[in-house]
$ cat protein_14.cif   # mmCIF, C-alpha atoms
data_entry
loop_
_atom_site.label_atom_id
_atom_site.label_comp_id
_atom_site.auth_asym_id
_atom_site.auth_seq_id
_atom_site.Cartn_x
_atom_site.Cartn_y
_atom_site.Cartn_z
CA MET A 1 225.83 -154.45 35.39
CA ILE A 2 222.45 -152.67 35.70
CA ASN A 3 221.30 -151.05 32.47
CA PHE A 4 220.02 -147.49 32.30
CA LYS A 5 216.35 -148.50 32.21
CA TYR A 6 216.51 -150.55 35.40
CA LYS A 7 218.82 -148.06 37.04
CA ARG A 8 216.22 -145.32 36.48
CA LEU A 9 213.45 -147.57 37.82
CA PHE A 10 215.56 -148.39 40.87
CA SER A 11 216.09 -144.67 41.54
CA LEU A 12 212.34 -143.99 41.32
CA VAL A 13 211.66 -146.78 43.82
CA VAL A 14 214.24 -145.39 46.24
CA ILE A 15 212.86 -141.85 45.90
CA SER A 16 209.25 -143.07 46.33
CA GLY A 17 210.25 -145.07 49.40
CA ALA A 18 211.98 -142.08 50.91
CA PHE A 19 208.92 -139.92 50.26
CA LEU A 20 206.64 -142.47 51.93
CA LEU A 21 208.94 -142.62 54.97
CA LEU A 22 208.92 -138.81 55.16
CA LEU A 23 205.12 -138.75 54.87
CA GLN A 24 204.84 -141.39 57.59
CA ALA A 25 207.14 -139.35 59.85
CA CYS A 26 204.99 -136.27 59.30
CA LYS A 27 201.90 -138.23 60.25
CA LYS A 28 203.56 -139.45 63.42
CA ASP A 29 204.60 -135.91 64.30
CA LYS A 30 201.03 -134.77 63.75
CA VAL A 31 199.67 -137.40 66.18
CA VAL A 32 202.22 -136.42 68.82
CA ASN A 33 201.30 -132.77 68.45
CA ASN A 34 197.61 -133.56 68.83
CA ASN A 35 198.31 -135.51 71.99
CA ASN A 36 200.34 -132.62 73.33
CA THR A 37 197.38 -130.29 72.95
CA GLY A 38 195.31 -132.71 75.03
CA LEU A 39 192.33 -132.73 72.68
CA ASP A 40 191.67 -136.41 73.41
CA ASN A 41 192.22 -135.95 77.13
CA ARG A 42 189.66 -133.25 77.84
CA ILE A 43 187.19 -133.87 80.66
CA GLY A 44 184.23 -134.50 78.36
CA ASN A 45 186.07 -137.16 76.38
CA ILE A 46 187.24 -138.92 79.54
CA ILE A 47 183.66 -139.08 80.83
CA THR A 48 182.47 -140.45 77.48
CA ASP A 49 185.08 -143.21 77.62
CA ASN A 50 184.17 -144.22 81.20
CA PHE A 51 181.47 -146.93 81.11
CA ASN A 52 180.44 -146.25 84.73
CA LEU A 53 179.61 -142.62 83.90
CA SER A 54 177.32 -143.37 80.95
CA LEU A 55 174.21 -141.76 82.48
CA PHE A 56 176.12 -138.63 83.49
CA ASN A 57 177.44 -138.50 79.92
CA ALA A 58 173.86 -138.81 78.61
CA ALA A 59 172.81 -135.96 80.91
CA LEU A 60 175.70 -133.77 79.71
CA ASN A 61 174.68 -134.25 76.09
CA TYR A 62 170.96 -133.81 76.77
CA THR A 63 171.48 -130.56 78.69
CA GLY A 64 174.05 -129.18 76.24
CA LEU A 65 176.84 -128.92 78.81
CA TYR A 66 179.15 -131.41 77.12
CA PRO A 67 180.99 -128.90 74.85
CA GLN A 68 181.96 -126.78 77.85
CA LEU A 69 183.68 -129.78 79.44
CA ASN A 70 185.79 -130.14 76.29
CA SER A 71 186.68 -126.44 76.12
CA THR A 72 189.95 -124.84 77.18
CA GLN A 73 188.33 -123.61 80.42
CA THR A 74 189.87 -125.17 83.53
CA LEU A 75 187.14 -127.04 85.42
CA THR A 76 186.52 -129.51 88.21
CA VAL A 77 183.61 -131.86 87.56
CA LEU A 78 181.81 -133.87 90.23
CA ALA A 79 180.65 -136.86 88.22
CA PRO A 80 177.93 -139.09 89.73
CA ASP A 81 178.41 -142.74 88.78
CA ASP A 82 175.64 -144.78 87.16
CA PRO A 83 174.30 -146.28 90.44
CA SER A 84 173.88 -142.69 91.65
CA PHE A 85 171.63 -141.89 88.70
CA ASN A 86 169.73 -145.14 89.27
CA ASN A 87 169.10 -144.14 92.88
CA ALA A 88 167.90 -140.73 91.66
CA GLY A 89 165.31 -142.40 89.43
CA TYR A 90 167.17 -142.58 86.10
CA SER A 91 167.33 -146.18 84.92
CA SER A 92 168.78 -145.52 81.47
CA ALA A 93 169.85 -142.87 78.99
CA VAL A 94 166.26 -142.91 77.70
CA SER A 95 164.92 -141.89 81.11
CA VAL A 96 167.56 -139.16 81.32
CA ARG A 97 166.35 -137.72 78.01
CA ALA A 98 162.75 -137.92 79.25
CA ALA A 99 163.48 -135.65 82.22
CA ASN A 100 162.49 -131.99 82.45
CA LYS A 101 165.37 -130.41 80.56
CA ALA A 102 165.41 -127.11 82.45
CA VAL A 103 165.42 -128.81 85.86
CA LEU A 104 168.04 -131.37 84.87
CA THR A 105 170.24 -128.62 83.42
CA GLN A 106 170.29 -126.86 86.80
CA VAL A 107 171.17 -130.13 88.53
CA ILE A 108 173.99 -131.02 86.12
CA ARG A 109 175.48 -127.51 86.14
CA TYR A 110 175.62 -127.77 89.94
CA HIS A 111 178.25 -130.49 89.49
CA VAL A 112 180.75 -128.20 87.72
CA LEU A 113 183.23 -125.83 89.37
CA ALA A 114 185.43 -123.26 87.67
CA GLY A 115 189.10 -123.99 88.35
CA LYS A 116 191.06 -127.02 89.48
CA TYR A 117 190.03 -128.25 92.94
CA ASP A 118 192.19 -130.88 94.58
CA PHE A 119 190.09 -131.34 97.72
CA ASN A 120 192.90 -133.36 99.31
CA THR A 121 194.69 -130.06 99.90
CA LEU A 122 191.87 -128.65 102.06
CA PRO A 123 192.19 -128.52 105.86
CA PHE A 124 190.69 -131.33 107.92
CA LEU A 125 187.37 -129.59 108.51
CA PHE A 126 183.67 -130.18 108.02
CA ASN A 127 181.61 -128.49 105.31
CA GLN A 128 183.99 -125.95 103.78
CA GLU A 129 182.18 -123.78 101.27
CA VAL A 130 183.13 -123.79 97.58
CA LYS A 131 181.26 -122.30 94.61
CA THR A 132 179.99 -123.84 91.37
CA ILE A 133 180.29 -122.21 87.92
CA ASP A 134 176.95 -120.53 88.66
CA GLY A 135 178.09 -119.19 92.03
CA LEU A 136 176.03 -121.66 94.05
CA SER A 137 177.37 -123.02 97.34
CA MET A 138 178.40 -126.58 98.08
CA TYR A 139 180.16 -127.92 101.14
CA VAL A 140 183.28 -130.09 101.16
CA THR A 141 184.43 -132.13 104.16
CA ARG A 142 187.87 -133.63 104.54
CA TRP A 143 188.16 -135.95 107.54
CA VAL A 144 189.84 -139.14 108.72
CA LYS A 145 187.77 -142.26 109.39
CA GLY A 146 189.83 -145.17 110.66
CA LYS A 147 192.90 -145.31 108.43
CA ASP A 148 191.28 -143.52 105.50
CA THR A 149 191.06 -139.87 104.54
CA VAL A 150 187.49 -139.34 103.39
CA LEU A 151 186.19 -136.54 101.18
CA THR A 152 182.50 -135.63 100.92
CA VAL A 153 180.52 -132.97 99.07
CA ASN A 154 177.15 -132.09 100.61
CA GLY A 155 177.46 -135.31 102.59
CA THR A 156 178.14 -137.35 99.43
CA GLN A 157 181.34 -139.38 99.21
CA ILE A 158 183.98 -138.80 96.57
CA VAL A 159 184.78 -142.38 95.57
CA SER A 160 187.46 -141.68 92.92
CA LYS A 161 189.61 -138.61 93.46
CA ASN A 162 191.45 -136.28 91.12
CA LEU A 163 191.09 -138.09 87.78
CA PRO A 164 193.21 -135.80 85.58
CA GLY A 165 192.15 -134.25 82.31
CA SER A 166 194.11 -131.79 80.22
CA ASN A 167 191.63 -129.06 81.23
CA GLY A 168 190.98 -129.98 84.86
CA LEU A 169 189.95 -132.73 87.27
CA ILE A 170 187.12 -135.23 87.66
CA GLN A 171 185.88 -136.28 91.10
CA VAL A 172 183.55 -139.30 90.94
CA ILE A 173 180.78 -139.18 93.57
CA ASN A 174 178.18 -141.70 94.74
CA ALA A 175 175.02 -139.56 94.59
CA VAL A 176 173.44 -136.97 92.31
CA LEU A 177 173.66 -133.59 94.04
CA THR A 178 170.68 -131.26 94.15
CA PRO A 179 171.23 -127.50 94.32
CA SER A 180 169.52 -125.49 97.02
CA THR A 181 166.07 -124.50 95.83
CA TYR A 182 165.13 -122.40 98.84
CA PRO A 183 167.14 -119.63 100.52
CA LEU A 184 165.53 -120.40 103.91
CA LEU A 185 164.71 -123.53 105.87
CA THR A 186 161.22 -122.19 106.58
CA GLN A 187 160.55 -122.02 102.83
CA ALA A 188 161.66 -125.61 102.28
CA ILE A 189 159.47 -126.75 105.19
CA ALA A 190 156.41 -124.78 104.04
CA SER A 191 156.71 -126.20 100.51
CA ASN A 192 156.53 -129.82 101.74
CA ASP A 193 152.94 -131.09 102.04
CA SER A 194 153.99 -133.73 104.57
CA LEU A 195 155.30 -131.06 106.97
CA THR A 196 152.26 -128.78 107.39
CA PHE A 197 151.90 -129.63 111.10
CA PHE A 198 155.57 -128.85 111.72
CA SER A 199 155.34 -125.63 109.70
CA GLN A 200 152.30 -124.48 111.67
CA ALA A 201 153.96 -125.43 114.95
CA LEU A 202 156.96 -123.25 114.08
CA VAL A 203 154.64 -120.26 113.62
CA ARG A 204 152.75 -121.00 116.85
CA ALA A 205 156.02 -121.45 118.79
CA ASN A 206 157.48 -118.18 117.44
CA LEU A 207 160.43 -120.07 115.94
CA ASN A 208 160.00 -119.03 112.32
CA SER A 209 162.32 -116.07 112.81
CA THR A 210 165.03 -118.40 114.18
CA LEU A 211 165.02 -120.53 111.02
CA GLN A 212 164.97 -117.40 108.86
CA ALA A 213 168.27 -116.18 110.33
CA ILE A 214 171.66 -116.68 108.68
CA GLY A 215 172.35 -119.78 110.78
CA PRO A 216 173.21 -122.29 109.57
CA TYR A 217 170.83 -124.72 111.26
CA THR A 218 170.02 -128.38 110.84
CA VAL A 219 166.39 -129.42 111.28
CA PHE A 220 164.94 -132.90 111.80
CA ALA A 221 161.35 -132.23 110.76
CA PRO A 222 158.67 -134.77 111.84
CA THR A 223 155.96 -135.56 109.30
CA ASN A 224 152.25 -134.87 109.80
CA GLY A 225 151.81 -138.54 110.64
CA ALA A 226 154.47 -138.24 113.34
CA PHE A 227 152.58 -135.37 114.98
CA LYS A 228 149.30 -137.31 114.79
CA ALA A 229 150.97 -140.32 116.43
CA MET A 230 152.00 -138.01 119.28
CA GLY A 231 148.41 -136.87 119.81
CA TYR A 232 148.10 -133.81 117.59
CA ALA A 233 145.02 -134.84 115.61
CA SER A 234 144.78 -131.73 113.45
CA LEU A 235 146.25 -128.32 112.74
CA ASP A 236 143.64 -126.97 115.13
CA SER A 237 145.18 -128.99 117.96
CA ILE A 238 148.54 -127.39 117.12
CA ASN A 239 146.94 -123.97 117.37
CA HIS A 240 145.45 -124.81 120.79
CA THR A 241 148.79 -125.87 122.27
CA SER A 242 150.68 -123.26 124.27
CA PRO A 243 153.56 -121.59 122.38
CA ALA A 244 155.93 -122.39 125.25
CA THR A 245 155.15 -126.13 125.04
CA LEU A 246 155.67 -126.19 121.28
CA ASN A 247 158.81 -124.05 121.56
CA ALA A 248 160.43 -126.56 123.92
CA LEU A 249 159.40 -129.50 121.74
CA LEU A 250 160.51 -128.00 118.43
CA LYS A 251 163.90 -126.84 119.69
CA TYR A 252 164.63 -130.52 120.32
CA GLN A 253 164.16 -131.09 116.57
CA MET A 254 166.87 -128.62 115.53
CA LEU A 255 170.51 -127.80 116.11
CA SER A 256 172.98 -125.06 115.37
CA GLY A 257 175.29 -125.82 112.44
CA ARG A 258 175.09 -127.62 109.11
CA LYS A 259 175.00 -131.42 109.45
CA PHE A 260 174.66 -133.92 106.62
CA VAL A 261 174.04 -137.58 107.43
CA TYR A 262 177.57 -138.68 106.49
CA ASP A 263 179.01 -136.07 108.86
CA TYR A 264 177.79 -138.31 111.70
CA VAL A 265 179.43 -141.34 110.11
CA LEU A 266 182.76 -139.50 110.00
CA SER A 267 182.56 -137.99 113.48
CA THR A 268 181.38 -141.12 115.35
CA ASP A 269 183.89 -143.53 116.88
CA SER A 270 183.97 -147.33 116.56
CA THR A 271 180.95 -147.69 118.86
CA ASN A 272 178.83 -146.10 116.09
CA ILE A 273 177.03 -144.08 118.78
CA SER A 274 177.38 -140.34 119.40
CA LYS A 275 175.58 -137.50 121.12
CA GLN A 276 174.24 -134.41 119.37
CA ALA A 277 173.49 -131.22 121.32
CA MET A 278 170.15 -129.78 120.25
CA LEU A 279 168.90 -126.19 120.34
CA ASP A 280 167.05 -126.72 123.65
CA GLY A 281 170.28 -127.78 125.40
CA ASN A 282 169.44 -131.49 125.59
CA ASN A 283 171.34 -134.24 123.80
CA LEU A 284 170.10 -136.55 121.09
CA THR A 285 171.60 -140.01 120.54
CA VAL A 286 172.74 -140.71 116.98
CA ASN A 287 173.22 -144.34 115.95
CA VAL A 288 175.28 -144.95 112.81
CA GLN A 289 173.99 -147.92 110.81
CA GLN A 290 176.50 -150.33 109.28
CA ASP A 291 175.92 -153.38 107.11
CA PRO A 292 177.29 -156.35 109.10
CA TYR A 293 178.53 -158.14 105.97
CA THR A 294 179.97 -155.36 103.79
CA LEU A 295 180.73 -153.04 106.74
CA LYS A 296 179.48 -150.15 104.62
CA TYR A 297 177.71 -147.31 106.42
CA THR A 298 174.07 -147.16 105.42
CA GLY A 299 172.75 -144.16 107.38
CA ILE A 300 171.70 -143.11 110.85
CA THR A 301 168.83 -143.45 113.29
CA LEU A 302 168.00 -141.03 116.11
CA GLN A 303 166.94 -141.61 119.69
CA GLY A 304 165.38 -138.82 121.70
CA ILE A 305 165.45 -138.89 125.49
CA GLY A 306 161.77 -139.78 125.54
CA ASN A 307 161.66 -142.05 122.50
CA THR A 308 161.19 -145.76 123.16
CA SER A 309 162.25 -146.81 119.65
CA PRO A 310 164.63 -145.44 117.01
CA VAL A 311 163.53 -142.55 114.81
CA THR A 312 164.36 -143.00 111.12
CA LEU A 313 164.99 -140.55 108.31
CA ILE A 314 162.48 -140.52 105.45
CA ASN A 315 164.29 -137.88 103.42
CA GLN A 316 167.72 -136.46 104.07
CA ASN A 317 170.32 -133.85 103.15
CA ILE A 318 167.91 -131.28 101.73
CA LEU A 319 170.18 -128.28 101.28
CA THR A 320 168.86 -124.75 101.77
CA GLY A 321 170.57 -121.38 101.84
CA ASN A 322 170.77 -121.32 105.63
CA GLY A 323 171.02 -124.99 106.58
CA VAL A 324 170.04 -128.60 106.03
CA LEU A 325 166.65 -130.26 106.36
CA HIS A 326 166.01 -133.92 107.18
CA VAL A 327 162.50 -135.39 107.33
CA ILE A 328 161.87 -137.96 110.10
CA ASN A 329 159.10 -140.46 110.85
CA ARG A 330 158.65 -139.71 114.56
CA VAL A 331 158.73 -136.65 116.80
CA LEU A 332 161.91 -136.49 118.87
CA LYS A 333 160.80 -136.39 122.51
CA PRO A 334 162.93 -134.37 124.93
CA ASN A 335 161.59 -136.20 128.02
CA PHE A 336 159.51 -139.19 129.08
#

$ encode --input "protein_14.cif" --output "structure tokens"
Amino acid sequence: MINFKYKRLFSLVVISGAFLLLLQACKKDKVVNNNNTGLDNRIGNIITDNFNLSLFNAALNYTGLYPQLNSTQTLTVLAPDDPSFNNAGYSSAVSVRAANKAVLTQVIRYHVLAGKYDFNTLPFLFNQEVKTIDGLSMYVTRWVKGKDTVLTVNGTQIVSKNLPGSNGLIQVINAVLTPSTYPLLTQAIASNDSLTFFSQALVRANLNSTLQAIGPYTVFAPTNGAFKAMGYASLDSINHTSPATLNALLKYQMLSGRKFVYDYVLSTDSTNISKQAMLDGNNLTVNVQQDPYTLKYTGITLQGIGNTSPVTLINQNILTGNGVLHVINRVLKPNF
């Protein structure tokens, strides 16, 4: 028979054990409640935990945007993966923090949209306009290529779709997007030192007003070197060419509508060759480039009616308020 002393000790042990179990249950309830609020599943935290988004995470912290991605605001974030930042010139978090903060802030904010955007619910159309948190335009394409439904934003592929967070969605993309700096194509052209011949030719050909209209237009702008290779030795030679001659030539460098490079990948059949109607009424041949080993699409080359070799893009997908600018290494020739 248990004496009173041990009986009392036994009771204290039982009571203490019960209290510990109750405390443990409370702790478990607390964890469950925290998970229900989604504090650990906010967009910012998901990005932090994703090793392939480390440079985007560094940019979010550097620009001060990170807290907004962990707020209660419903957002859709277009998150460039690390190779995208590498291609944009950011090799590490150190190089991200060395960037111009004001410029990088504009770039990173361009990747955030207010609201939840499941782009898979959009119609099968090219370049459908959506707005960022700052009211800037970006263009989403939903199209079928082979057996796959492909989504692009400003001609950039979404490689991982609809990663869910408690306050929105993450869409992982394979390039860093750049917001439109210029409202007009003519402004973007005039600001580029390698396009002074083309800019002057537009003025001489009375085409400036065309590229200042609402549009949109797509322009393949030859560099100064491309004009020199065609026989235009100086700006003076541009000014001594008849406006009608330049007008016909330059209209073969532009088309009606907004076209990013990947739009041609999506709209071209298995031959990887398509025709593009230009503003002068003639067609341009577009050749989609594909890596023979990986079968990945690597870009496009162009072939004018009078070109004897392919024309390549030096810079591409420069977004403006009324269209898209691509810089090319040769003048597209409308005839032999």

$ resolve_selection --input "protein_14.cif" --expression "the PyMOL selection byres ((chain A and resi 69) around 9)" --output "ChimeraX atom specification"
/A:42-45,60,65-68,70-75,77,112,167

$ resolve_selection --input "protein_14.cif" --expression "the PyMOL selection byres ((chain A and resi 87-103) around 9)" --output "ChimeraX atom specification"
/A:54-59,62-63,82-86,104-108,175-176

$ resolve_selection --input "protein_14.cif" --expression "the PyMOL selection byres ((chain A and resi 116) around 12)" --output "PDB file with C-alpha atoms, in the frame of the given file"
ATOM      1  CA  ILE A  43     187.190-133.870  80.660  1.00  0.00           C
ATOM      2  CA  GLN A  73     188.330-123.610  80.420  1.00  0.00           C
ATOM      3  CA  THR A  74     189.870-125.170  83.530  1.00  0.00           C
ATOM      4  CA  LEU A  75     187.140-127.040  85.420  1.00  0.00           C
ATOM      5  CA  THR A  76     186.520-129.510  88.210  1.00  0.00           C
ATOM      6  CA  VAL A  77     183.610-131.860  87.560  1.00  0.00           C
ATOM      7  CA  LEU A  78     181.810-133.870  90.230  1.00  0.00           C
ATOM      8  CA  VAL A 112     180.750-128.200  87.720  1.00  0.00           C
ATOM      9  CA  LEU A 113     183.230-125.830  89.370  1.00  0.00           C
ATOM     10  CA  ALA A 114     185.430-123.260  87.670  1.00  0.00           C
ATOM     11  CA  GLY A 115     189.100-123.990  88.350  1.00  0.00           C
ATOM     12  CA  TYR A 117     190.030-128.250  92.940  1.00  0.00           C
ATOM     13  CA  ASP A 118     192.190-130.880  94.580  1.00  0.00           C
ATOM     14  CA  PHE A 119     190.090-131.340  97.720  1.00  0.00           C
ATOM     15  CA  ASN A 120     192.900-133.360  99.310  1.00  0.00           C
ATOM     16  CA  THR A 121     194.690-130.060  99.900  1.00  0.00           C
ATOM     17  CA  VAL A 130     183.130-123.790  97.580  1.00  0.00           C
ATOM     18  CA  THR A 132     179.990-123.840  91.370  1.00  0.00           C
ATOM     19  CA  ILE A 133     180.290-122.210  87.920  1.00  0.00           C
ATOM     20  CA  ASN A 162     191.450-136.280  91.120  1.00  0.00           C
ATOM     21  CA  LEU A 163     191.090-138.090  87.780  1.00  0.00           C
ATOM     22  CA  PRO A 164     193.210-135.800  85.580  1.00  0.00           C
ATOM     23  CA  GLY A 165     192.150-134.250  82.310  1.00  0.00           C
ATOM     24  CA  SER A 166     194.110-131.790  80.220  1.00  0.00           C
ATOM     25  CA  ASN A 167     191.630-129.060  81.230  1.00  0.00           C
ATOM     26  CA  GLY A 168     190.980-129.980  84.860  1.00  0.00           C
ATOM     27  CA  LEU A 169     189.950-132.730  87.270  1.00  0.00           C
ATOM     28  CA  ILE A 170     187.120-135.230  87.660  1.00  0.00           C
ATOM     29  CA  GLN A 171     185.880-136.280  91.100  1.00  0.00           C
TER      30      GLN A 171
END

$ atom_distance --input "protein_14.cif" --atom1 "CA of Asn52 (chain A)" --atom2 "CA of Tyr293 (chain A)"
24.4 Å

$ atom_distance --input "protein_14.cif" --atom1 "CA of Gly257 (chain A)" --atom2 "CA of Leu284 (chain A)"
14.7 Å

$ decode --input "protein_14.cif" --residues "region 196-241 of chain A" --atoms "C-alpha atoms" --output "compact mmCIF listing (two decimals), in the first residue's frame"
# COMPACT_ATOMS: atom_id res chain seq x y z
CA THR A 196 21.83 57.69 -86.32
CA PHE A 197 21.78 56.84 -90.04
CA PHE A 198 18.41 55.10 -89.68
CA SER A 199 17.04 57.97 -87.58
CA GLN A 200 18.11 60.53 -90.17
CA ALA A 201 16.72 58.40 -92.99
CA LEU A 202 13.32 58.32 -91.26
CA VAL A 203 13.28 62.13 -91.21
CA ARG A 204 14.39 62.37 -94.85
CA ALA A 205 11.79 59.78 -95.94
CA ASN A 206 8.97 61.56 -94.07
CA LEU A 207 8.31 58.43 -92.00
CA ASN A 208 8.82 59.91 -88.54
CA SER A 209 5.13 60.70 -88.26
CA THR A 210 4.26 57.06 -89.05
CA LEU A 211 6.33 55.77 -86.14
CA GLN A 212 4.91 58.45 -83.87
CA ALA A 213 1.35 57.19 -84.38
CA ILE A 214 -0.47 54.88 -81.98
CA GLY A 215 0.47 51.82 -84.02
CA PRO A 216 1.69 49.47 -82.80
CA TYR A 217 4.59 48.88 -85.18
CA THR A 218 7.59 46.59 -85.20
CA VAL A 219 10.84 47.99 -86.59
CA PHE A 220 13.98 46.13 -87.68
CA ALA A 221 16.46 48.99 -87.52
CA PRO A 222 19.80 48.58 -89.39
CA THR A 223 22.91 49.92 -87.67
CA ASN A 224 25.10 52.71 -89.03
CA GLY A 225 27.55 50.04 -90.18
CA ALA A 226 24.75 48.32 -92.10
CA PHE A 227 23.98 51.54 -93.98
CA LYS A 228 27.67 52.10 -94.74
CA ALA A 229 27.95 48.55 -96.10
CA MET A 230 25.07 49.39 -98.45
CA GLY A 231 26.89 52.44 -99.78
CA TYR A 232 25.72 55.25 -97.52
CA ALA A 233 29.11 56.58 -96.44
CA SER A 234 27.84 59.39 -94.22
CA LEU A 235 24.77 61.19 -92.96
CA ASP A 236 25.31 63.60 -95.84
CA SER A 237 24.78 60.76 -98.31
CA ILE A 238 21.47 60.01 -96.56
CA ASN A 239 20.45 63.63 -96.99
CA HIS A 240 21.29 63.53 -100.71
CA THR A 241 19.14 60.46 -101.39
